[in-house]
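**Student:** File my_file_13.txt follows (compact mmCIF, C-alpha atoms):
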```txt
# COMPACT_ATOMS: atom_id res chain seq x y z
CA MET A 7 82.17 -30.95 -62.04
CA ALA A 8 84.19 -32.93 -59.51
CA PRO A 9 82.90 -32.47 -55.96
CA THR A 10 85.17 -30.42 -53.74
CA VAL A 11 85.86 -31.61 -50.24
CA SER A 12 87.29 -29.63 -47.37
CA PRO A 13 89.80 -31.32 -45.05
CA GLY A 14 87.95 -33.44 -42.54
CA GLN A 15 84.67 -33.25 -44.43
CA SER A 16 83.02 -36.51 -45.29
CA VAL A 17 82.83 -37.20 -48.99
CA ALA A 18 79.42 -38.72 -48.40
CA LEU A 19 78.04 -35.24 -47.69
CA ARG A 20 79.01 -34.15 -51.20
CA LEU A 21 77.40 -36.89 -53.22
CA PRO A 22 75.77 -35.55 -56.37
CA ALA A 23 72.01 -35.44 -56.09
CA GLY A 24 69.00 -34.55 -58.18
CA ASP A 25 69.87 -32.86 -61.46
CA ALA A 26 73.60 -33.06 -60.84
CA GLU A 27 73.37 -36.82 -60.42
CA ARG A 28 71.18 -37.16 -63.48
CA SER A 29 73.59 -35.13 -65.58
CA LEU A 30 76.53 -37.25 -64.51
CA VAL A 31 74.74 -40.50 -65.26
CA LEU A 32 73.59 -39.31 -68.68
CA ALA A 33 77.08 -38.08 -69.54
CA ALA A 34 78.58 -41.40 -68.46
CA ARG A 35 76.09 -43.24 -70.66
CA ARG A 36 77.38 -41.23 -73.60
CA GLY A 37 80.87 -42.52 -72.81
CA ASP A 38 82.18 -39.36 -71.14
CA GLU A 39 85.26 -40.51 -69.22
CA GLU A 40 85.25 -37.39 -67.07
CA ALA A 41 81.73 -38.26 -65.91
CA PHE A 42 82.91 -41.74 -64.89
CA ARG A 43 85.82 -40.13 -63.06
CA ASP A 44 83.50 -37.77 -61.17
CA LEU A 45 81.14 -40.59 -60.23
CA TYR A 46 84.02 -42.70 -58.96
CA ARG A 47 85.46 -39.85 -56.94
CA ALA A 48 82.07 -39.14 -55.41
CA TYR A 49 81.26 -42.70 -54.34
CA ARG A 50 84.67 -44.27 -53.86
CA GLU A 51 85.09 -43.53 -50.13
CA PRO A 52 81.65 -44.55 -48.82
CA VAL A 53 81.62 -47.68 -50.98
CA TRP A 54 85.19 -48.50 -49.91
CA ASN A 55 84.20 -48.17 -46.25
CA LEU A 56 81.32 -50.57 -46.76
CA VAL A 57 83.25 -53.12 -48.81
CA ASN A 58 86.31 -53.07 -46.57
CA SER A 59 84.17 -53.59 -43.48
CA LEU A 60 82.09 -56.40 -44.97
CA VAL A 61 84.97 -58.27 -46.59
CA GLY A 62 87.34 -57.82 -43.66
CA ASP A 63 90.57 -57.68 -45.61
CA PRO A 64 91.81 -54.54 -47.38
CA VAL A 65 93.62 -56.46 -50.12
CA GLN A 66 90.54 -58.45 -51.10
CA ALA A 67 88.38 -55.37 -50.61
CA GLN A 68 90.32 -53.59 -53.34
CA ASP A 69 89.44 -56.32 -55.80
CA VAL A 70 85.81 -56.30 -54.76
CA LEU A 71 85.67 -52.51 -55.04
CA GLN A 72 86.93 -52.65 -58.60
CA ASP A 73 84.30 -55.28 -59.42
CA VAL A 74 81.61 -53.09 -57.87
CA PHE A 75 82.43 -50.06 -59.95
CA PHE A 76 82.99 -52.13 -63.06
CA LYS A 77 79.47 -53.52 -62.71
CA ALA A 78 78.04 -50.14 -61.77
CA PHE A 79 79.57 -48.41 -64.78
CA ARG A 80 78.63 -51.27 -67.04
CA GLY A 81 75.06 -51.20 -65.77
CA LEU A 82 74.50 -47.46 -65.93
CA SER A 83 72.53 -47.85 -69.13
CA GLY A 84 69.95 -49.81 -67.12
CA PHE A 85 69.68 -47.33 -64.23
CA ARG A 86 66.15 -45.94 -64.31
CA PHE A 87 66.43 -43.21 -61.64
CA ARG A 88 63.79 -44.98 -59.54
CA SER A 89 66.14 -44.76 -56.58
CA CYS A 90 69.10 -42.49 -55.97
CA LEU A 91 72.41 -43.62 -57.42
CA PHE A 92 73.85 -43.96 -53.93
CA THR A 93 71.31 -46.65 -53.03
CA TRP A 94 71.85 -48.43 -56.36
CA ILE A 95 75.63 -48.56 -56.06
CA TYR A 96 75.40 -49.65 -52.43
CA ARG A 97 73.17 -52.51 -53.46
CA ILE A 98 75.71 -53.63 -56.05
CA ALA A 99 78.46 -53.36 -53.44
CA ARG A 100 76.51 -55.37 -50.92
CA ASN A 101 75.77 -58.13 -53.41
CA GLU A 102 79.38 -58.27 -54.60
CA CYS A 103 80.60 -58.55 -51.01
CA ARG A 104 78.11 -61.31 -50.26
CA ASN A 105 79.13 -63.24 -53.39
CA HIS A 106 82.80 -62.79 -52.59
CA ILE A 107 82.36 -64.02 -49.03
CA ARG A 108 80.41 -67.05 -50.20
CA ARG A 109 83.18 -67.95 -52.60
CA ARG A 110 85.85 -67.33 -50.04
CA GLY A 111 84.34 -69.32 -47.17
CA ALA A 112 85.06 -68.40 -43.55
CA PRO A 113 85.12 -64.76 -42.48
CA LEU A 114 88.57 -63.33 -41.98
CA LEU A 115 89.30 -62.43 -38.39
CA PRO A 116 92.09 -60.29 -37.01
CA LEU A 117 94.65 -62.52 -35.28
CA GLY A 118 93.83 -60.94 -31.95
CA ALA A 119 90.31 -62.27 -32.23
CA ILE A 120 91.33 -65.91 -32.56
CA GLN A 121 94.47 -66.05 -30.44
CA GLY A 122 92.64 -65.12 -27.29
CA SER A 123 92.02 -68.65 -26.09
CA ARG A 124 94.67 -68.29 -23.43
CA ALA A 125 92.96 -65.15 -22.16
CA GLU A 126 89.37 -66.33 -22.45
CA ILE A 127 87.09 -66.06 -19.52
CA ASP A 128 83.64 -67.63 -19.84
CA GLY A 129 84.23 -67.94 -23.58
CA ARG A 130 84.77 -64.22 -24.14
CA LEU A 131 87.99 -62.54 -25.22
CA VAL A 132 89.94 -60.46 -22.72
CA PRO A 133 92.24 -58.31 -24.80
CA GLU A 134 95.44 -57.03 -23.26
CA ASP A 135 95.93 -53.80 -25.14
CA GLU A 136 94.24 -51.29 -27.41
CA ARG A 137 95.11 -53.09 -30.62
CA ALA A 138 93.85 -56.38 -29.25
CA ARG A 139 90.66 -54.62 -28.10
CA ARG A 140 90.05 -53.25 -31.57
CA ASP A 141 90.84 -56.64 -33.14
CA ALA A 142 88.49 -58.40 -30.74
CA LEU A 143 85.67 -55.98 -31.57
CA ARG A 144 86.25 -56.27 -35.32
CA GLY A 145 86.55 -60.02 -34.93
CA ALA A 146 83.24 -60.23 -33.10
CA VAL A 147 81.52 -58.27 -35.86
CA MET A 148 83.20 -60.33 -38.59
CA GLN A 149 82.06 -63.56 -36.95
CA LEU A 150 78.42 -62.57 -37.23
CA PRO A 151 76.40 -64.02 -40.10
CA PHE A 152 76.53 -61.81 -43.18
CA LYS A 153 73.00 -60.39 -42.80
CA MET A 154 73.66 -59.38 -39.21
CA ARG A 155 77.10 -57.99 -40.00
CA GLU A 156 75.92 -55.84 -42.89
CA VAL A 157 73.11 -54.22 -40.93
CA ILE A 158 75.52 -53.30 -38.13
CA ILE A 159 77.98 -51.83 -40.64
CA LEU A 160 75.27 -49.87 -42.44
CA LYS A 161 73.91 -48.54 -39.14
CA TYR A 162 77.05 -47.74 -37.14
CA MET A 163 79.71 -47.23 -39.79
CA GLU A 164 77.73 -45.73 -42.65
CA GLU A 165 75.19 -44.12 -40.26
CA LEU A 166 72.28 -44.82 -42.58
CA SER A 167 68.67 -44.39 -41.51
CA TYR A 168 66.24 -47.30 -41.38
CA LYS A 169 64.65 -45.96 -44.55
CA GLU A 170 67.97 -45.85 -46.40
CA MET A 171 68.88 -49.32 -45.16
CA SER A 172 65.52 -50.71 -46.20
CA ARG A 173 66.06 -49.38 -49.74
CA ILE A 174 69.50 -50.96 -49.98
CA LEU A 175 68.45 -54.25 -48.41
CA ARG A 176 65.11 -54.27 -50.21
CA CYS A 177 63.06 -55.05 -47.13
CA PRO A 178 60.66 -52.99 -44.99
CA PRO A 179 62.07 -50.69 -42.31
CA GLY A 180 60.43 -52.85 -39.64
CA THR A 181 62.36 -55.87 -40.87
CA VAL A 182 65.56 -53.83 -40.77
CA ALA A 183 64.81 -52.85 -37.18
CA SER A 184 64.18 -56.47 -36.19
CA ARG A 185 67.33 -57.64 -37.90
CA LEU A 186 69.36 -54.92 -36.22
CA ALA A 187 68.00 -55.83 -32.79
CA ARG A 188 68.85 -59.51 -33.35
CA ALA A 189 72.32 -58.60 -34.63
CA LEU A 190 73.03 -56.40 -31.64
CA ALA A 191 71.76 -59.05 -29.24
CA GLU A 192 74.10 -61.58 -30.84
CA LEU A 193 77.01 -59.14 -30.75
CA GLY A 194 76.25 -58.24 -27.15
CA ALA A 195 76.10 -61.90 -26.17
CA ARG A 196 79.51 -62.54 -27.73
CA LEU A 197 81.21 -59.55 -26.15
CA GLY A 198 79.71 -59.53 -22.71
CA PRO A 199 77.49 -57.27 -20.64
CA THR A 200 79.42 -54.00 -21.09
CA GLY A 201 79.66 -54.36 -24.85
CA ALA A 202 83.29 -53.35 -24.58
CA ALA A 203 85.78 -55.49 -26.43
CA MET B 16 57.73 -64.77 -27.38
CA THR B 17 54.38 -63.11 -27.96
CA GLY B 18 53.38 -61.03 -30.95
CA LEU B 19 53.69 -57.95 -28.77
CA CYS B 20 57.29 -58.86 -27.84
CA PHE B 21 58.14 -59.30 -31.53
CA PHE B 22 56.73 -55.86 -32.31
CA LEU B 23 58.31 -54.11 -29.35
CA ARG B 24 61.80 -55.50 -29.98
CA ARG B 25 61.93 -53.45 -33.14
CA ARG B 26 61.82 -50.41 -30.89
CA PHE B 27 64.78 -51.43 -28.71
CA VAL B 28 67.42 -49.54 -30.67
CA PRO B 29 65.34 -46.35 -31.08
CA TYR B 30 64.70 -46.61 -27.32
CA LEU B 31 68.43 -46.75 -26.60
CA GLU B 32 68.95 -43.82 -28.91
CA ARG B 33 66.20 -41.87 -27.13
CA LYS B 34 64.21 -41.50 -30.30
CA LEU B 35 60.89 -42.72 -28.90
CA SER B 36 58.14 -40.41 -27.75
CA PRO B 37 57.55 -40.25 -23.97
CA GLY B 38 54.41 -42.37 -24.38
CA GLU B 39 56.22 -45.04 -26.43
CA ARG B 40 59.11 -45.01 -24.01
CA GLY B 41 56.86 -45.51 -21.00
CA TYR B 42 54.95 -48.33 -22.70
CA LEU B 43 58.18 -50.16 -23.60
CA GLU B 44 59.64 -49.75 -20.12
CA THR B 45 56.45 -51.11 -18.56
CA HIS B 46 56.59 -54.15 -20.84
CA ILE B 47 60.29 -54.79 -20.16
CA ALA B 48 59.64 -54.61 -16.41
CA ARG B 49 57.09 -57.43 -16.78
CA CYS B 50 58.70 -59.57 -19.50
CA ARG B 51 61.82 -61.45 -18.44
CA ARG B 52 62.78 -62.47 -21.97
CA CYS B 53 62.55 -58.94 -23.29
CA ARG B 54 64.46 -57.71 -20.27
CA GLU B 55 67.30 -60.15 -20.98
CA LEU B 56 67.25 -59.32 -24.66
CA MET B 57 67.34 -55.60 -23.96
CA SER B 58 70.45 -56.15 -21.85
CA GLN B 59 72.14 -57.91 -24.78
CA VAL B 60 70.97 -55.33 -27.30
CA ARG B 61 72.26 -52.56 -25.04
CA ALA B 62 75.69 -54.23 -24.92
CA GLY B 63 75.62 -54.76 -28.67
CA HIS B 64 74.56 -51.16 -29.26
CA GLU B 65 77.51 -49.90 -27.22
CA ALA B 66 79.81 -52.23 -29.16
CA GLY B 67 78.29 -51.03 -32.42
CA ARG B 68 78.99 -47.42 -31.51
CA GLN B 69 82.59 -48.29 -30.68
CA PHE B 70 82.85 -50.22 -33.93
CA GLY B 71 81.57 -47.24 -35.87
CA ARG B 72 84.24 -45.04 -34.31
CA LEU B 73 86.95 -47.55 -35.23
CA GLY B 74 86.34 -47.13 -38.93
CA PRO B 75 87.56 -49.62 -41.49
CA GLU B 76 91.18 -50.70 -41.35
CA ASP B 77 92.96 -48.38 -43.71
CA ARG B 78 96.23 -50.09 -44.38
CA LYS B 79 95.19 -50.05 -48.02
CA ARG B 80 93.49 -47.20 -49.85
CA PRO B 81 90.93 -47.64 -52.60
CA PRO B 82 92.48 -47.58 -56.07
CA GLU B 83 92.68 -44.35 -58.01
CA PHE B 84 90.37 -43.86 -60.98
CA ASP B 85 93.13 -44.35 -63.57
CA GLU B 86 93.96 -47.72 -62.10
CA LEU B 87 90.31 -48.70 -62.27
CA TRP B 88 89.89 -47.42 -65.80
CA ALA B 89 93.08 -48.81 -67.27
CA GLY B 90 93.21 -51.33 -70.10
CA THR B 91 90.48 -53.24 -71.80
CA ARG B 92 87.96 -52.71 -69.02
CA ALA B 93 87.36 -49.21 -70.32
CA GLU B 94 86.50 -50.57 -73.75
CA THR B 95 84.26 -53.19 -72.23
CA ILE B 96 82.39 -50.58 -70.24
CA LEU B 97 81.97 -48.23 -73.16
CA ARG B 98 81.07 -50.83 -75.76
CA PRO B 99 78.46 -53.49 -75.10
CA MET B 100 79.69 -57.05 -75.45
CA SER B 101 78.92 -58.47 -78.89
CA TRP B 102 77.01 -61.70 -79.26
CA SER B 103 79.98 -63.37 -80.94
CA ARG B 104 81.90 -62.97 -77.66
CA ALA B 105 78.97 -63.48 -75.32
CA VAL B 106 77.92 -66.94 -76.54
CA PRO B 107 81.29 -68.66 -76.02
CA ALA B 108 81.60 -66.96 -72.64
CA LEU B 109 78.17 -68.29 -71.71
CA VAL B 110 79.13 -71.82 -72.77
CA VAL B 111 82.28 -71.70 -70.68
CA LEU B 112 80.29 -70.43 -67.71
CA VAL B 113 77.75 -73.25 -67.95
CA ILE B 114 80.50 -75.87 -68.15
CA ALA B 115 82.30 -74.33 -65.17
CA LEU B 116 79.12 -74.29 -63.10
CA GLY B 117 78.44 -77.92 -63.95
CA ALA B 118 81.94 -78.94 -62.96
CA ALA B 119 81.65 -77.03 -59.67
CA LEU B 120 78.37 -78.80 -58.92
CA VAL B 121 79.88 -82.25 -59.54
CA MET B 122 82.95 -81.49 -57.42
CA SER B 123 80.89 -80.20 -54.49
CA ARG B 124 78.78 -83.36 -54.42
CA ARG B 125 81.92 -85.51 -54.28
CA ALA B 126 83.13 -83.84 -51.07
CA ALA B 127 80.55 -85.67 -48.94
CA PRO B 128 81.20 -86.00 -45.19
CA TRP B 129 82.38 -89.45 -44.25
CA ARG B 130 82.11 -89.08 -40.48
CA SER B 131 79.80 -87.13 -38.19
CA GLY B 132 79.89 -86.42 -34.53
CA GLY B 133 81.18 -83.79 -32.18
CA GLN B 134 84.69 -85.12 -31.70
CA ALA B 135 87.09 -85.53 -34.57
CA VAL B 136 88.47 -89.04 -34.96
CA LEU B 137 91.60 -89.62 -36.95
CA SER B 138 91.84 -92.26 -39.56
CA ALA B 139 95.29 -93.77 -38.97
CA ALA B 140 95.23 -95.53 -42.30
CA ALA B 141 94.61 -92.29 -44.21
CA GLY B 142 97.54 -90.56 -42.54
CA ARG B 143 100.14 -93.30 -42.71
CA SER B 144 99.40 -94.03 -46.32
CA ARG B 145 100.76 -90.58 -47.18
CA GLY B 146 103.77 -90.68 -44.84
CA PHE B 147 102.20 -88.46 -42.17
CA VAL B 148 101.81 -89.60 -38.58
CA PRO B 149 98.22 -89.16 -37.35
CA LEU B 150 98.08 -87.01 -34.19
CA ARG B 151 95.19 -85.65 -32.17
CA ILE B 152 95.24 -81.94 -31.46
CA GLY B 153 95.57 -82.58 -27.74
CA GLU B 154 98.66 -84.72 -28.31
CA PHE B 155 100.78 -82.14 -30.08
CA PRO B 156 104.43 -82.25 -28.99
CA SER B 157 106.27 -79.37 -27.37
CA LYS B 158 108.90 -79.37 -30.09
CA SER B 159 109.13 -79.99 -33.81
CA ALA B 160 108.56 -83.53 -34.92
CA ALA B 161 107.88 -85.62 -38.00
CA PRO B 162 105.15 -84.50 -40.40
CA VAL B 163 101.71 -85.15 -38.99
CA VAL B 164 98.12 -85.25 -40.04
CA THR B 165 95.46 -84.04 -37.65
CA GLU B 166 91.74 -83.39 -37.77
CA GLY B 167 89.56 -80.83 -36.13
CA PHE B 168 86.90 -78.18 -36.47
CA VAL B 169 87.62 -74.73 -37.83
CA ARG B 170 87.09 -72.14 -35.13
CA GLY B 171 88.53 -69.08 -36.89
CA VAL B 172 90.40 -68.00 -39.99
CA TYR B 173 92.80 -65.07 -40.32
CA PHE B 174 94.70 -63.84 -43.35
CA ASP B 175 97.83 -61.82 -42.72
CA SER B 176 97.89 -59.59 -45.78
CA GLU B 177 101.41 -58.36 -45.04
CA GLU B 178 103.03 -61.78 -44.70
CA LYS B 179 100.57 -63.40 -47.14
CA THR B 180 99.92 -66.26 -44.75
CA LEU B 181 96.65 -67.86 -43.75
CA HIS B 182 96.09 -68.88 -40.14
CA ILE B 183 93.39 -71.37 -39.21
CA LYS B 184 92.47 -72.12 -35.61
CA LEU B 185 91.55 -75.77 -35.28
CA VAL B 186 89.86 -77.24 -32.20
CA GLU B 187 89.61 -80.92 -31.36
CA GLU B 188 86.02 -80.80 -30.15
CA GLU B 189 83.37 -78.69 -31.82
CA GLN B 190 81.90 -77.38 -28.59
CA LYS B 191 85.16 -76.62 -26.79
CA GLY B 192 87.79 -73.95 -27.36
CA GLU B 193 90.66 -76.16 -26.19
CA PRO B 194 92.75 -77.97 -27.04
CA PHE B 195 93.48 -76.08 -30.25
CA VAL B 196 96.22 -75.74 -32.80
CA ILE B 197 97.04 -72.87 -35.17
CA CYS B 198 97.61 -74.00 -38.75
CA GLU B 199 99.71 -71.67 -40.87
CA VAL B 200 99.40 -71.84 -44.64
CA ARG B 201 102.08 -70.01 -46.59
CA SER B 202 101.11 -68.59 -50.00
CA PRO B 203 97.51 -69.80 -49.90
CA GLY B 204 96.67 -68.39 -53.33
CA GLY B 205 93.99 -70.44 -55.04
CA MET B 206 93.27 -72.57 -51.97
CA ALA B 207 89.65 -73.04 -50.88
CA ILE B 208 89.40 -71.56 -47.40
CA PRO B 209 87.36 -73.77 -45.04
CA GLN B 210 84.36 -72.22 -43.38
CA GLU B 211 84.06 -71.83 -39.66
CA GLY B 212 82.58 -75.00 -38.23
CA SER B 213 83.90 -77.24 -41.03
CA ARG B 214 85.70 -80.45 -40.16
CA VAL B 215 89.05 -80.56 -41.88
CA ARG B 216 92.14 -82.76 -42.04
CA VAL B 217 95.41 -80.84 -42.01
CA TYR B 218 98.83 -82.14 -43.06
CA GLY B 219 102.05 -80.42 -42.06
CA THR B 220 104.88 -80.01 -39.57
CA PRO B 221 104.03 -79.78 -35.86
CA ARG B 222 105.69 -76.97 -33.93
CA PHE B 223 105.34 -75.06 -30.70
CA ASP B 224 105.35 -71.25 -30.58
CA PRO B 225 106.88 -70.26 -27.23
CA GLN B 226 106.68 -66.48 -27.80
CA PRO B 227 105.17 -64.42 -24.97
CA GLY B 228 101.46 -64.03 -25.45
CA ARG B 229 101.35 -67.15 -27.64
CA GLY B 230 102.49 -70.47 -26.21
CA TRP B 231 100.43 -72.61 -28.55
CA SER B 232 100.88 -75.61 -30.79
CA GLU B 233 101.05 -75.13 -34.53
CA VAL B 234 101.00 -76.99 -37.80
CA ASN B 235 103.51 -74.85 -39.64
CA PRO B 236 103.84 -75.05 -42.54
CA VAL B 237 100.65 -76.71 -43.69
CA THR B 238 101.19 -78.81 -46.79
CA ASN B 239 97.58 -79.79 -47.49
CA ILE B 240 94.05 -79.38 -46.18
CA ASP B 241 91.16 -81.74 -46.85
CA ILE B 242 87.68 -80.43 -46.12
CA LEU B 243 85.80 -83.38 -44.63
CA LYS B 244 82.50 -81.78 -43.73
CA ARG B 245 81.26 -78.22 -44.40
```
In structure tokens, how does this file's structure come out?

**Tutor:**
Amino acid sequence: MAPTVSPGQSVALRLPAGDAERSLVLAARRGDEEAFRDLYRAYREPVWNLVNSLVGDPVQAQDVLQDVFFKAFRGLSGFRFRSCLFTWIYRIARNECRNHIRRRGAPLLPLGAIQGSRAEIDGRLVPEDERARRDALRGAVMQLPFKMREVIILKYMEELSYKEMSRILRCPPGTVASRLARALAELGARLGPTGAA
Amino acid sequence: MTGLCFFLRRRFVPYLERKLSPGERGYLETHIARCRRCRELMSQVRAGHEAGRQFGRLGPEDRKRPPEFDELWAGTRAETILRPMSWSRAVPALVVLVIALGAALVMSRRAAPWRSGGQAVLSAAAGRSRGFVPLRIGEFPSKSAAPVVTEGFVRGVYFDSEEKTLHIKLVEEEQKGEPFVICEVRSPGGMAIPQEGSRVRVYGTPRFDPQPGRGWSEVNPVTNIDILKR
């Protein structure tokens, strides 16, 4: 029962839910490899987007992604259906990214974000072309503390609601809103008044 | 910041997204008109919100794709997922983990900072004893010279996944962006990457990159990095 996806359609819209999700999880618990395959296909893209954005390097993100799904599959026997599987896997992904970043040390920045000293004006980067602009924006996000970075990624990249974010981050929606406001203020201060990189 | 400010700031993003009711919107606008701090913060949040929207449209860098299921499932991992770990394997693994954690704790306590302050100061004795000439970041030559040792604060780290090189931007003074030097580490596998803000001592060959758009001093290649203060 692999989800079908039309060209251009987000995989996230086709995540199994309700009974379909329950059936997949129960089948996976019985050791059904096809069920594992379906679960991986369903969640691979959204989790990859999150991991790749938080970790900042696609090569390392691949390793983290494998760890995420290894832990998720391994822990399926303990999944109690108290939340949806999407929230549960996202939580694992977030924790794995945080642990990986702690082990790694400094956040990884695109070269355009750190070579801009020659073009700095008032401490902000002035990129010279589109690629440098993108790098500067990614760099600014990657330089944020992890908690600020993750809430920006969940909000603007994953387009989650406050309620969904609060479930993943395990804090009230009001706290999520405060954290997002602080993160955006910090990002805005780093990039300048227009917010453009 | 008053309690009201703290509460209202949670509404900044919904306000920018036009998700507040007319009454809530009017109340917030009235407060912002009176509160200078909230007005300044709203300006920053507005800029950050615009940047966030642009960031969301960028998407993650997709030079690499997530692995296929068969790659994930291959080998012994499948057996480990399907069969719970037995106690005969878990206990030795636990012992090894405890020993590794203990060793990591001892090693981290040994790396104590031996100098504080905003400006890095080189220890000539430390450098010369290893055959490296101590050099301040601001004194880097315009051409290649003898191996040097320099100290500074990490301002940024970049890993080039295509060339498998690590680039570290090092500044002489913590609060200033210049002078700086770019330290290039080739094949950094297994190396502990210093965190931004750490004080480090870098050993390597000084160079100057004259390429257009660059024009900066380098330590390339880096032969060793000592983390002095995290």

**Student:** Could you please tell me, as a list of chain:residue names, which residues of chain B have an atom within 6 Å of chain A when using all atoms listed in the file?

**Tutor:**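 Contact residues on the first chain: B:Arg25, B:Gln59, B:Val60, B:Ala62, B:Gly63, B:His64, B:Glu65, B:Ala66, B:Gly67, B:Arg68, B:Gly71, B:Pro75, B:Lys79, B:Ile96, B:Leu97, B:Val172, B:Tyr173, B:Ile208, B:Pro209, B:Gln210, B:Glu211.
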
**Student:** Using Å and a single decimal, report how far atom CA of Ile240 of chain B sits from atom CA of Val217 of chain B.

**Tutor:**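 Going from atom CA of Val217 of chain B over to atom CA of Ile240 of chain B, I get 4.6 Å.
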
**Student:** Contacts of Leu175 of chain A at 12 Å or less, counting all atoms listed in the file, minus same-chain residues fewer than 3 places along, as JSON, numbers by chain?

**Tutor:** {"A": [93, 94, 95, 96, 97, 98, 99, 100, 101, 153, 154, 156, 157, 160, 166, 168, 169, 170, 171, 172, 178, 179, 180, 181, 182, 183, 185]}

**Student:** Residues of the last selection are to be written out with C-alpha atoms, as an mmCIF file, keeping the file's coordinate frame.

**Tutor:**
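Okay, out.cif is ready:
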```cif
data_model
loop_
_atom_site.group_PDB
_atom_site.id
_atom_site.type_symbol
_atom_site.label_atom_id
_atom_site.label_comp_id
_atom_site.auth_asym_id
_atom_site.auth_seq_id
_atom_site.Cartn_x
_atom_site.Cartn_y
_atom_site.Cartn_z
ATOM 1 C CA THR A 93 71.310 -46.650 -53.030
ATOM 2 C CA TRP A 94 71.850 -48.430 -56.360
ATOM 3 C CA ILE A 95 75.630 -48.560 -56.060
ATOM 4 C CA TYR A 96 75.400 -49.650 -52.430
ATOM 5 C CA ARG A 97 73.170 -52.510 -53.460
ATOM 6 C CA ILE A 98 75.710 -53.630 -56.050
ATOM 7 C CA ALA A 99 78.460 -53.360 -53.440
ATOM 8 C CA ARG A 100 76.510 -55.370 -50.920
ATOM 9 C CA ASN A 101 75.770 -58.130 -53.410
ATOM 10 C CA LYS A 153 73.000 -60.390 -42.800
ATOM 11 C CA MET A 154 73.660 -59.380 -39.210
ATOM 12 C CA GLU A 156 75.920 -55.840 -42.890
ATOM 13 C CA VAL A 157 73.110 -54.220 -40.930
ATOM 14 C CA LEU A 160 75.270 -49.870 -42.440
ATOM 15 C CA LEU A 166 72.280 -44.820 -42.580
ATOM 16 C CA TYR A 168 66.240 -47.300 -41.380
ATOM 17 C CA LYS A 169 64.650 -45.960 -44.550
ATOM 18 C CA GLU A 170 67.970 -45.850 -46.400
ATOM 19 C CA MET A 171 68.880 -49.320 -45.160
ATOM 20 C CA SER A 172 65.520 -50.710 -46.200
ATOM 21 C CA PRO A 178 60.660 -52.990 -44.990
ATOM 22 C CA PRO A 179 62.070 -50.690 -42.310
ATOM 23 C CA GLY A 180 60.430 -52.850 -39.640
ATOM 24 C CA THR A 181 62.360 -55.870 -40.870
ATOM 25 C CA VAL A 182 65.560 -53.830 -40.770
ATOM 26 C CA ALA A 183 64.810 -52.850 -37.180
ATOM 27 C CA ARG A 185 67.330 -57.640 -37.900
#
```

**Student:** I'd like the neighbourhood of Ala161 of chain B as a PyMOL selection string, where a residue qualifies if any of its atoms comes within 8 Å (using only C-alpha atoms), though same-chain residues fewer than 3 positions away should be ignored.

**Tutor:** chain B and resi 147-148+220-221

**Student:** Could you write those residues out with C-alpha atoms, as an mmCIF file, in the coordinates of the input?

**Tutor:**
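Just written: result37.cif:
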```
data_model
loop_
_atom_site.group_PDB
_atom_site.id
_atom_site.type_symbol
_atom_site.label_atom_id
_atom_site.label_comp_id
_atom_site.auth_asym_id
_atom_site.auth_seq_id
_atom_site.Cartn_x
_atom_site.Cartn_y
_atom_site.Cartn_z
ATOM 1 C CA PHE B 147 102.200 -88.460 -42.170
ATOM 2 C CA VAL B 148 101.810 -89.600 -38.580
ATOM 3 C CA THR B 220 104.880 -80.010 -39.570
ATOM 4 C CA PRO B 221 104.030 -79.780 -35.860
#
```

**Student:** Go through A:Leu91, A:Arg104, A:Phe85, A:Arg28 and flag the residue nearest Pro151 of chain A, using all atoms listed in the file for the distances.

**Tutor:**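 Once distances to Pro151 of chain A are computed over all atoms listed in the file, the minimum belongs to A:Arg104.
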
**Student:** Mind giving me the straight-line distance from atom CA of Leu185 of chain B to atom CA of Ile152 of chain B in Å, one decimal?

**Tutor:** 8.1 Å

**Student:** By how many Å are atom CA of Ile242 of chain B and atom CA of Tyr218 of chain B apart?

**Tutor:**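 It comes out at 11.7 Å.
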
**Student:** Write only N, CA and C atoms for segment 72-78 of chain A from the block just shown, as a compact mmCIF listing (two decimals), in the first residue's frame.

**Tutor:**
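Listed below is the output, decode_24.txt:
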```
# COMPACT_ATOMS: atom_id res chain seq x y z
N GLN A 72 19.74 8.12 8.21
CA GLN A 72 19.75 6.67 8.42
C GLN A 72 19.60 6.35 9.90
N ASP A 73 20.28 7.12 10.76
CA ASP A 73 20.16 6.91 12.20
C ASP A 73 18.73 7.15 12.67
N VAL A 74 18.10 8.16 12.10
CA VAL A 74 16.72 8.49 12.50
C VAL A 74 15.80 7.30 12.21
N PHE A 75 15.87 6.80 10.99
CA PHE A 75 14.95 5.72 10.64
C PHE A 75 15.33 4.42 11.32
N PHE A 76 16.62 4.23 11.56
CA PHE A 76 17.02 3.04 12.31
C PHE A 76 16.38 3.07 13.69
N LYS A 77 16.46 4.21 14.36
CA LYS A 77 15.87 4.33 15.69
C LYS A 77 14.35 4.24 15.63
N ALA A 78 13.78 4.85 14.60
CA ALA A 78 12.32 4.83 14.49
C ALA A 78 11.81 3.40 14.29
```
